[in-house]
Amino acid sequence: MTITTNEYSQITLDKISKSKNNPRKRIDTNSIKELAQSIKTDGLLHNLVVKPKGGKKKGVYEIISGERRFRALSLLARNGELDKNYVVPVDIRHDIDDEQAKRIATVENLQREDMHPMDEAIAVTSLIQDGKSLEDISAQTGFSIPLIRKRIRLADLCDEAQNALRNGRINLSVAQALTLGTHDQQKRLIEQGLENRDAEDVRYILTDEKIAISKAIFDTKIYKSNITFDLFADENESYFDDREEFFTLQDKAVEELKTQKENEGYSPVEICNESYFGSYQYRGASGDEKGGCVIHYSPYGDVNIHEGIVSRDLDKNTIAEIADRQKATYSQPMCEYFAMHKSIALQSALLANPRKAKEIAVVQLITAGTWQSKINVPFHKCLTYFEESDTLPRTFEDINFAITSTVKSLGMENHHDTACRNLNCQNQPVSDIYSCVKALDDNELDKVHLLLTTLCFGQSGIDLDTDEKSLFNLVANDLNINMLDHWIPDNDFLNRRNVNQLQEIIKETETSQLFGSASSYKKKDIVTILTKHFEKLGSLDKCEEKEMKAKHWLPEAFQFPAIDPDSKQ
């Protein structure tokens, strides 16, 4: 018989063995039993793909793809329902090395729907490291490119988080949220327990975390501002009060660290400022190689050093595409901007809907003392967010007027310029406040209850809230909140967009006639012209048909739930 590269044949079951290269690390026993029953009833519908096994044993073959089918056949043989010499139809691949076999097995497994997400993550990453482009992987596996990117990030979770996902202690959405944090942050959250937390909580914890003094790589003696000492923390951690001063000092220390590593002989030395360090791009230095060094300096102030690593020879376009995805369309301050505007708009609507406000109060009171509770945060951050803003939302006056009226009805004094700060009763005896509240009639008490409930409520966290089942989005939809009624593209918003993003806004709003060629304008000029145009349209009850696009333009992040442009399929 002439041996060809591909050969369709039949081999007895006892001449086939499993491969150590199978990317599927977890195989469900029950699914094997179900598959065995299916094979018993309908026969083997798909051939196994095998290759001759190396070594002294001749006529023995190793599985490239089809291990689940092989396990099911072996189970039937052990149960006496198949003879151990049962003849298995196979596709024999000759002249194929271990790397090629692993790649075939990886693609074959990824095409199946029952593969664990963690196995998918490792398998996809291995294909990237083999030089495959995102488009190639998408075409071979049927995975969308956004899904492939998400799986790549999962592969860099710490071992504890990976095991928690495999064991079902956390779900996939929580695991994806954990990728925002460093390994230390991930480990700490896993140790604390995430059984009663959802992805929104995890994102909030990671992005709103106070800056612990332990994060500093500079001498803390040169830090001049206040440090808060938390007596209730497990290890009595201290925290920097002034974030700006911390980052100024940390930035300088990171640059000095880069110089130090270069002097130690590492080359190249890079600084990674993303929240995610793409370890898939590197391998460990071998032999006489010194290797390079990557200083991972996250947006949250954490610094981790990766020494003795060498860049892999990967597809450059793939690296660029993944990097573009990591640089989100909306920065953290931009996400916070959306969250605060949406929260104050919803608060304004709640003032006119006491029934809905009381419903929220009931939900919050039922969950008081648990992780869902927002009662321990007296007022939502959106109330102070706009204090330094040059442009106040239309709804801010509604809130300020309600607060001022309440302060007056309670007989409290106006000590602050900002109305919401006058409700801070920390320096007023509880007995005095209690006396004031008792003196209110039923109608006044209802108004105070409505106001206080409203002021506690808003978007949880400052990321884009894309969860259609979050309380914030459910309430917003019940109240038919339309941000076009509460917001216009103002100077504050437009200034946070770069030139390319401003040009995209011009295109979407069909306002190019204001500029001629926007490419000839500086950012400052574009912002000024657009701000005036949107202000004019906002003051008009009716406008010309050609201006309708601009008058009704709204970033997708202002939807309820928000639409994340970086997660589009």
# chains A, B, ... in the order shown; residues from 1 in each chain; ligands from 1
$ closest_atom_pairs --of "region 113-166 of chain A" --to "region 179-191 of chain A" --cutoff "8 Å" --atoms "only C-alpha atoms" --output "CSV"
residue,atom,partner,partner_atom,distance
A:Arg153,CA,A:Thr179,CA,6.5
A:Leu154,CA,A:Thr179,CA,6.7
A:Asp156,CA,A:Thr179,CA,7.7
A:Leu157,CA,A:Thr179,CA,6.3
A:Cys158,CA,A:His183,CA,5.4
A:Glu160,CA,A:Lys187,CA,6.3
A:Ala161,CA,A:Ile190,CA,6.6
A:Ala164,CA,A:Ile190,CA,7.7
$ write_last_selection --atoms "N, CA and C atoms" --output "tab-separated table (two decimals), in the first residue's frame"
chain	number	residue	atom	x	y	z
A	153	ARG	N	-8.09	37.90	26.88
A	153	ARG	CA	-7.91	38.52	28.19
A	153	ARG	C	-8.16	37.52	29.31
A	154	LEU	N	-9.10	36.60	29.11
A	154	LEU	CA	-9.35	35.58	30.13
A	154	LEU	C	-8.11	34.73	30.40
A	156	ASP	N	-5.20	35.53	30.66
A	156	ASP	CA	-4.23	36.19	31.54
A	156	ASP	C	-4.75	36.39	32.95
A	157	LEU	N	-5.90	35.80	33.28
A	157	LEU	CA	-6.37	35.84	34.67
A	157	LEU	C	-5.39	35.09	35.56
A	158	CYS	N	-5.32	35.45	36.83
A	158	CYS	CA	-4.47	34.71	37.76
A	158	CYS	C	-5.01	33.29	37.92
A	160	GLU	N	-5.90	31.59	40.48
A	160	GLU	CA	-7.05	31.47	41.38
A	160	GLU	C	-8.36	31.84	40.67
A	161	ALA	N	-8.31	32.88	39.84
A	161	ALA	CA	-9.51	33.30	39.10
A	161	ALA	C	-9.87	32.27	38.03
A	164	ALA	N	-11.47	29.40	39.75
A	164	ALA	CA	-12.81	29.77	40.22
A	164	ALA	C	-13.82	29.71	39.06
$ residues_around --residues "region 347-364 of chain A" --least-positions-apart "4" --cutoff "9 Å" --atoms "only C-alpha atoms" --output "ChimeraX atom specification"
/A:342-343,368,372-375,395-396,398-399,402,446-447,449-451,453-458,471,475-476,478-479,481
$ residues_around --residues "region 192-205 of chain A" --least-positions-apart "5" --cutoff "12 Å" --atoms "only C-alpha atoms" --output "PyMOL selection string"
chain A and resi 160-161+164-165+168-181+185-187+210-211+234+300+332+336+370-374+459-472
$ residues_around --residues "Ala121 (chain A)" --least-positions-apart "2" --cutoff "9 Å" --atoms "only C-alpha atoms" --output "number ranges by chain"
A: 116-119, 123-126, 148, 150-156
$ write_last_selection --atoms "all heavy atoms" --output "tab-separated table (two decimals), in the first residue's frame"
chain	number	residue	atom	x	y	z
A	116	HIS	N	-15.33	24.63	27.47
A	116	HIS	CA	-15.35	25.59	28.57
A	116	HIS	C	-14.68	26.89	28.13
A	116	HIS	O	-13.66	26.88	27.43
A	116	HIS	CB	-14.61	25.01	29.78
A	116	HIS	CG	-14.82	25.78	31.03
A	116	HIS	ND1	-14.06	26.89	31.35
A	116	HIS	CD2	-15.70	25.63	32.05
A	116	HIS	CE1	-14.48	27.38	32.51
A	116	HIS	NE2	-15.47	26.63	32.97
A	117	PRO	N	-15.23	28.06	28.54
A	117	PRO	CA	-14.64	29.35	28.14
A	117	PRO	C	-13.16	29.47	28.48
A	117	PRO	O	-12.40	30.10	27.72
A	117	PRO	CB	-15.48	30.36	28.93
A	117	PRO	CG	-16.79	29.69	29.15
A	117	PRO	CD	-16.48	28.24	29.30
A	118	MET	N	-12.74	28.88	29.60
A	118	MET	CA	-11.33	28.97	29.97
A	118	MET	C	-10.47	28.18	28.99
A	118	MET	O	-9.37	28.60	28.63
A	118	MET	CB	-11.14	28.45	31.40
A	118	MET	CG	-9.90	28.96	32.09
A	118	MET	SD	-9.91	30.75	32.30
A	118	MET	CE	-8.54	31.20	31.25
A	119	ASP	N	-10.96	27.02	28.54
A	119	ASP	CA	-10.24	26.24	27.54
A	119	ASP	C	-10.23	26.97	26.20
A	119	ASP	O	-9.24	26.95	25.47
A	119	ASP	CB	-10.88	24.85	27.36
A	119	ASP	CG	-10.64	23.94	28.56
A	119	ASP	OD1	-9.66	24.18	29.27
A	119	ASP	OD2	-11.43	23.02	28.78
A	123	ALA	N	-6.91	28.12	24.19
A	123	ALA	CA	-6.79	27.63	22.81
A	123	ALA	C	-6.63	28.81	21.83
A	123	ALA	O	-5.77	28.78	20.95
A	123	ALA	CB	-8.01	26.80	22.44
A	124	VAL	N	-7.46	29.84	22.00
A	124	VAL	CA	-7.37	31.01	21.12
A	124	VAL	C	-6.01	31.69	21.26
A	124	VAL	O	-5.39	32.08	20.26
A	124	VAL	CB	-8.51	32.01	21.45
A	124	VAL	CG1	-8.22	33.37	20.85
A	124	VAL	CG2	-9.84	31.50	20.91
A	125	THR	N	-5.54	31.80	22.49
A	125	THR	CA	-4.24	32.43	22.73
A	125	THR	C	-3.12	31.65	22.06
A	125	THR	O	-2.18	32.23	21.51
A	125	THR	CB	-3.98	32.55	24.24
A	125	THR	OG1	-5.04	33.31	24.85
A	125	THR	CG2	-2.66	33.25	24.52
A	126	SER	N	-3.22	30.32	22.09
A	126	SER	CA	-2.19	29.50	21.45
A	126	SER	C	-2.17	29.72	19.94
A	126	SER	O	-1.10	29.72	19.32
A	126	SER	CB	-2.41	28.01	21.76
A	126	SER	OG	-3.53	27.50	21.07
A	148	ILE	N	-13.18	36.78	20.48
A	148	ILE	CA	-11.79	36.31	20.52
A	148	ILE	C	-10.97	37.21	21.44
A	148	ILE	O	-10.18	36.74	22.26
A	148	ILE	CB	-11.18	36.28	19.10
A	148	ILE	CG1	-11.90	35.22	18.24
A	148	ILE	CG2	-9.68	35.98	19.15
A	148	ILE	CD1	-11.54	35.29	16.77
A	150	LYS	N	-12.02	38.99	23.95
A	150	LYS	CA	-12.40	38.75	25.34
A	150	LYS	C	-11.75	37.47	25.87
A	150	LYS	O	-11.31	37.41	27.02
A	150	LYS	CB	-13.92	38.64	25.46
A	150	LYS	CG	-14.64	39.96	25.29
A	150	LYS	CD	-16.14	39.76	25.38
A	150	LYS	CE	-16.88	41.09	25.18
A	150	LYS	NZ	-18.35	40.91	25.23
A	151	ARG	N	-11.69	36.44	25.03
A	151	ARG	CA	-11.09	35.17	25.46
A	151	ARG	C	-9.58	35.34	25.70
A	151	ARG	O	-9.03	34.74	26.63
A	151	ARG	CB	-11.33	34.09	24.41
A	151	ARG	CG	-12.79	33.65	24.30
A	151	ARG	CD	-13.27	33.03	25.59
A	151	ARG	NE	-14.61	32.49	25.46
A	151	ARG	CZ	-15.72	33.14	25.81
A	151	ARG	NH1	-15.62	34.36	26.34
A	151	ARG	NH2	-16.91	32.60	25.66
A	152	ILE	N	-8.92	36.17	24.88
A	152	ILE	CA	-7.48	36.40	25.07
A	152	ILE	C	-7.23	37.00	26.45
A	152	ILE	O	-6.28	36.63	27.14
A	152	ILE	CB	-6.93	37.32	23.96
A	152	ILE	CG1	-6.93	36.57	22.61
A	152	ILE	CG2	-5.52	37.78	24.28
A	152	ILE	CD1	-6.63	37.46	21.42
A	153	ARG	N	-8.09	37.90	26.88
A	153	ARG	CA	-7.91	38.52	28.19
A	153	ARG	C	-8.16	37.52	29.31
A	153	ARG	O	-7.50	37.58	30.35
A	153	ARG	CB	-8.84	39.73	28.32
A	153	ARG	CG	-8.50	40.84	27.35
A	153	ARG	CD	-9.13	42.15	27.72
A	153	ARG	NE	-8.55	42.67	28.95
A	153	ARG	CZ	-8.65	43.96	29.31
A	153	ARG	NH1	-9.27	44.81	28.53
A	153	ARG	NH2	-8.13	44.37	30.44
A	154	LEU	N	-9.10	36.60	29.11
A	154	LEU	CA	-9.35	35.58	30.13
A	154	LEU	C	-8.11	34.73	30.40
A	154	LEU	O	-7.87	34.30	31.53
A	154	LEU	CB	-10.49	34.65	29.69
A	154	LEU	CG	-11.93	35.10	29.89
A	154	LEU	CD1	-12.87	33.97	29.49
A	154	LEU	CD2	-12.20	35.52	31.33
A	155	ALA	N	-7.34	34.48	29.35
A	155	ALA	CA	-6.17	33.62	29.49
A	155	ALA	C	-5.12	34.23	30.41
A	155	ALA	O	-4.24	33.51	30.90
A	155	ALA	CB	-5.55	33.34	28.11
A	156	ASP	N	-5.20	35.53	30.66
A	156	ASP	CA	-4.23	36.19	31.54
A	156	ASP	C	-4.75	36.39	32.95
A	156	ASP	O	-4.14	37.10	33.74
A	156	ASP	CB	-3.81	37.54	30.95
A	156	ASP	CG	-2.51	37.43	30.17
A	156	ASP	OD1	-1.62	36.71	30.64
A	156	ASP	OD2	-2.39	38.04	29.11
$ select_by_dssp --residues "region 182-215 of chain A" --states "helix (DSSP H, G or I)" --output "list in words"
His183, Asp184, Gln185, Gln186, Lys187, Arg188, Leu189, Ile190, Glu191, Gln192, Ala199, Glu200, Asp201, Val202, Arg203, Tyr204, Ile205, Leu206, Thr207, Ile213, Ser214 and Lys215 of chain A
$ residues_around --residues "region 267-277 of chain A" --least-positions-apart "5" --cutoff "7 Å" --atoms "only C-alpha atoms" --output "list in words"
Thr179, Leu180, Gly181, Lys258, Lys261, Glu262, Gly291, Gly292, Cys293, Val294, Ile295, His296, Tyr297, Ser298 and Pro299 of chain A
$ write_last_selection --atoms "all heavy atoms" --output "short mmCIF file (atom, residue, chain, number, x, y, z; two decimals), in the first residue's frame"
data_model
loop_
_atom_site.label_atom_id
_atom_site.label_comp_id
_atom_site.auth_asym_id
_atom_site.auth_seq_id
_atom_site.Cartn_x
_atom_site.Cartn_y
_atom_site.Cartn_z
N THR A 179 -10.73 40.86 34.70
CA THR A 179 -9.57 41.17 33.85
C THR A 179 -9.18 42.64 33.93
O THR A 179 -8.09 43.02 33.49
CB THR A 179 -9.83 40.79 32.37
OG1 THR A 179 -10.90 41.60 31.84
CG2 THR A 179 -10.20 39.32 32.24
N LEU A 180 -10.05 43.48 34.50
CA LEU A 180 -9.72 44.90 34.68
C LEU A 180 -8.66 45.10 35.76
O LEU A 180 -7.99 46.13 35.79
CB LEU A 180 -10.98 45.70 35.07
CG LEU A 180 -12.04 45.90 34.00
CD1 LEU A 180 -13.28 46.51 34.63
CD2 LEU A 180 -11.53 46.79 32.89
N GLY A 181 -8.52 44.11 36.64
CA GLY A 181 -7.62 44.26 37.78
C GLY A 181 -6.30 43.54 37.59
O GLY A 181 -6.12 42.72 36.70
N LYS A 258 12.45 52.52 34.93
CA LYS A 258 12.79 52.15 33.55
C LYS A 258 14.29 52.34 33.31
O LYS A 258 14.96 51.46 32.76
CB LYS A 258 11.98 53.00 32.57
CG LYS A 258 12.24 52.71 31.09
CD LYS A 258 11.32 53.55 30.22
CE LYS A 258 11.47 53.21 28.74
NZ LYS A 258 12.77 53.60 28.19
N LYS A 261 16.31 49.61 35.06
CA LYS A 261 16.28 48.30 34.38
C LYS A 261 17.15 48.32 33.12
O LYS A 261 17.76 47.31 32.76
CB LYS A 261 14.83 47.92 34.03
CG LYS A 261 13.98 47.60 35.26
CD LYS A 261 14.57 46.47 36.06
CE LYS A 261 13.85 46.24 37.37
NZ LYS A 261 14.53 45.19 38.19
N GLU A 262 17.20 49.45 32.45
CA GLU A 262 18.08 49.57 31.28
C GLU A 262 19.55 49.47 31.71
O GLU A 262 20.36 48.81 31.04
CB GLU A 262 17.83 50.90 30.58
CG GLU A 262 16.49 50.95 29.83
CD GLU A 262 16.14 52.34 29.32
OE1 GLU A 262 16.71 53.33 29.83
OE2 GLU A 262 15.28 52.44 28.42
N GLY A 291 17.16 39.05 27.73
CA GLY A 291 15.76 39.39 27.54
C GLY A 291 15.47 40.84 27.88
O GLY A 291 16.33 41.59 28.33
N GLY A 292 14.24 41.21 27.65
CA GLY A 292 13.81 42.57 27.93
C GLY A 292 13.02 42.63 29.22
O GLY A 292 12.98 41.68 30.01
N CYS A 293 12.37 43.77 29.43
CA CYS A 293 11.61 43.98 30.65
C CYS A 293 10.40 44.85 30.31
O CYS A 293 10.52 45.83 29.58
CB CYS A 293 12.49 44.66 31.71
SG CYS A 293 11.61 45.13 33.21
N VAL A 294 9.24 44.47 30.84
CA VAL A 294 8.04 45.29 30.69
C VAL A 294 7.59 45.72 32.09
O VAL A 294 7.39 44.88 32.97
CB VAL A 294 6.91 44.53 29.99
CG1 VAL A 294 5.63 45.38 29.97
CG2 VAL A 294 7.30 44.17 28.56
N ILE A 295 7.47 47.02 32.27
CA ILE A 295 6.94 47.57 33.52
C ILE A 295 5.46 47.83 33.30
O ILE A 295 5.09 48.74 32.54
CB ILE A 295 7.67 48.87 33.92
CG1 ILE A 295 9.18 48.60 34.06
CG2 ILE A 295 7.09 49.43 35.21
CD1 ILE A 295 10.00 49.87 34.20
N HIS A 296 4.61 47.02 33.91
CA HIS A 296 3.17 47.18 33.75
C HIS A 296 2.67 48.17 34.80
O HIS A 296 2.60 47.86 35.98
CB HIS A 296 2.46 45.84 33.89
CG HIS A 296 0.96 45.95 33.70
ND1 HIS A 296 0.07 45.09 34.29
CD2 HIS A 296 0.23 46.84 32.99
CE1 HIS A 296 -1.16 45.44 33.95
NE2 HIS A 296 -1.08 46.50 33.16
N TYR A 297 2.34 49.37 34.35
CA TYR A 297 1.89 50.46 35.21
C TYR A 297 0.42 50.72 34.89
O TYR A 297 0.09 51.41 33.93
CB TYR A 297 2.76 51.69 34.95
CG TYR A 297 2.44 52.92 35.75
CD1 TYR A 297 1.80 52.86 36.99
CD2 TYR A 297 2.78 54.19 35.26
CE1 TYR A 297 1.51 54.00 37.71
CE2 TYR A 297 2.51 55.35 35.99
CZ TYR A 297 1.86 55.24 37.21
OH TYR A 297 1.57 56.38 37.93
N SER A 298 -0.47 50.14 35.68
CA SER A 298 -1.90 50.18 35.37
C SER A 298 -2.51 51.54 35.66
O SER A 298 -1.94 52.34 36.41
CB SER A 298 -2.64 49.10 36.18
OG SER A 298 -2.91 49.58 37.49
N PRO A 299 -3.70 51.83 35.08
CA PRO A 299 -4.36 53.11 35.35
C PRO A 299 -4.74 53.29 36.81
O PRO A 299 -5.11 54.38 37.23
CB PRO A 299 -5.62 53.03 34.46
CG PRO A 299 -5.29 52.04 33.41
CD PRO A 299 -4.40 51.05 34.08
#
$ residues_around --residues "Thr220 (chain A)" --least-positions-apart "4" --cutoff "10 Å" --atoms "only C-alpha atoms" --output "ChimeraX atom specification"
/A:213-214,216,224,240,246,249
$ write_last_selection --atoms "C-alpha atoms" --output "PDB file, in the first residue's frame"
ATOM      1  CA  ILE A 213      -0.076  53.270  50.287  1.00  0.00           C
ATOM      2  CA  SER A 214       1.369  49.840  49.471  1.00  0.00           C
ATOM      3  CA  ALA A 216       3.671  53.399  45.940  1.00  0.00           C
ATOM      4  CA  LYS A 224       2.867  65.959  51.272  1.00  0.00           C
ATOM      5  CA  PHE A 240      -3.492  58.306  49.760  1.00  0.00           C
ATOM      6  CA  PHE A 246       0.156  60.150  44.118  1.00  0.00           C
ATOM      7  CA  LEU A 249       5.092  60.896  42.198  1.00  0.00           C
TER       8      LEU A 249
END
$ closest_residue --among "A:Arg243, A:Arg149, A:Lys33, A:Lys549" --to "Tyr280 (chain A)" --atoms "only C-alpha atoms"
A:Arg149
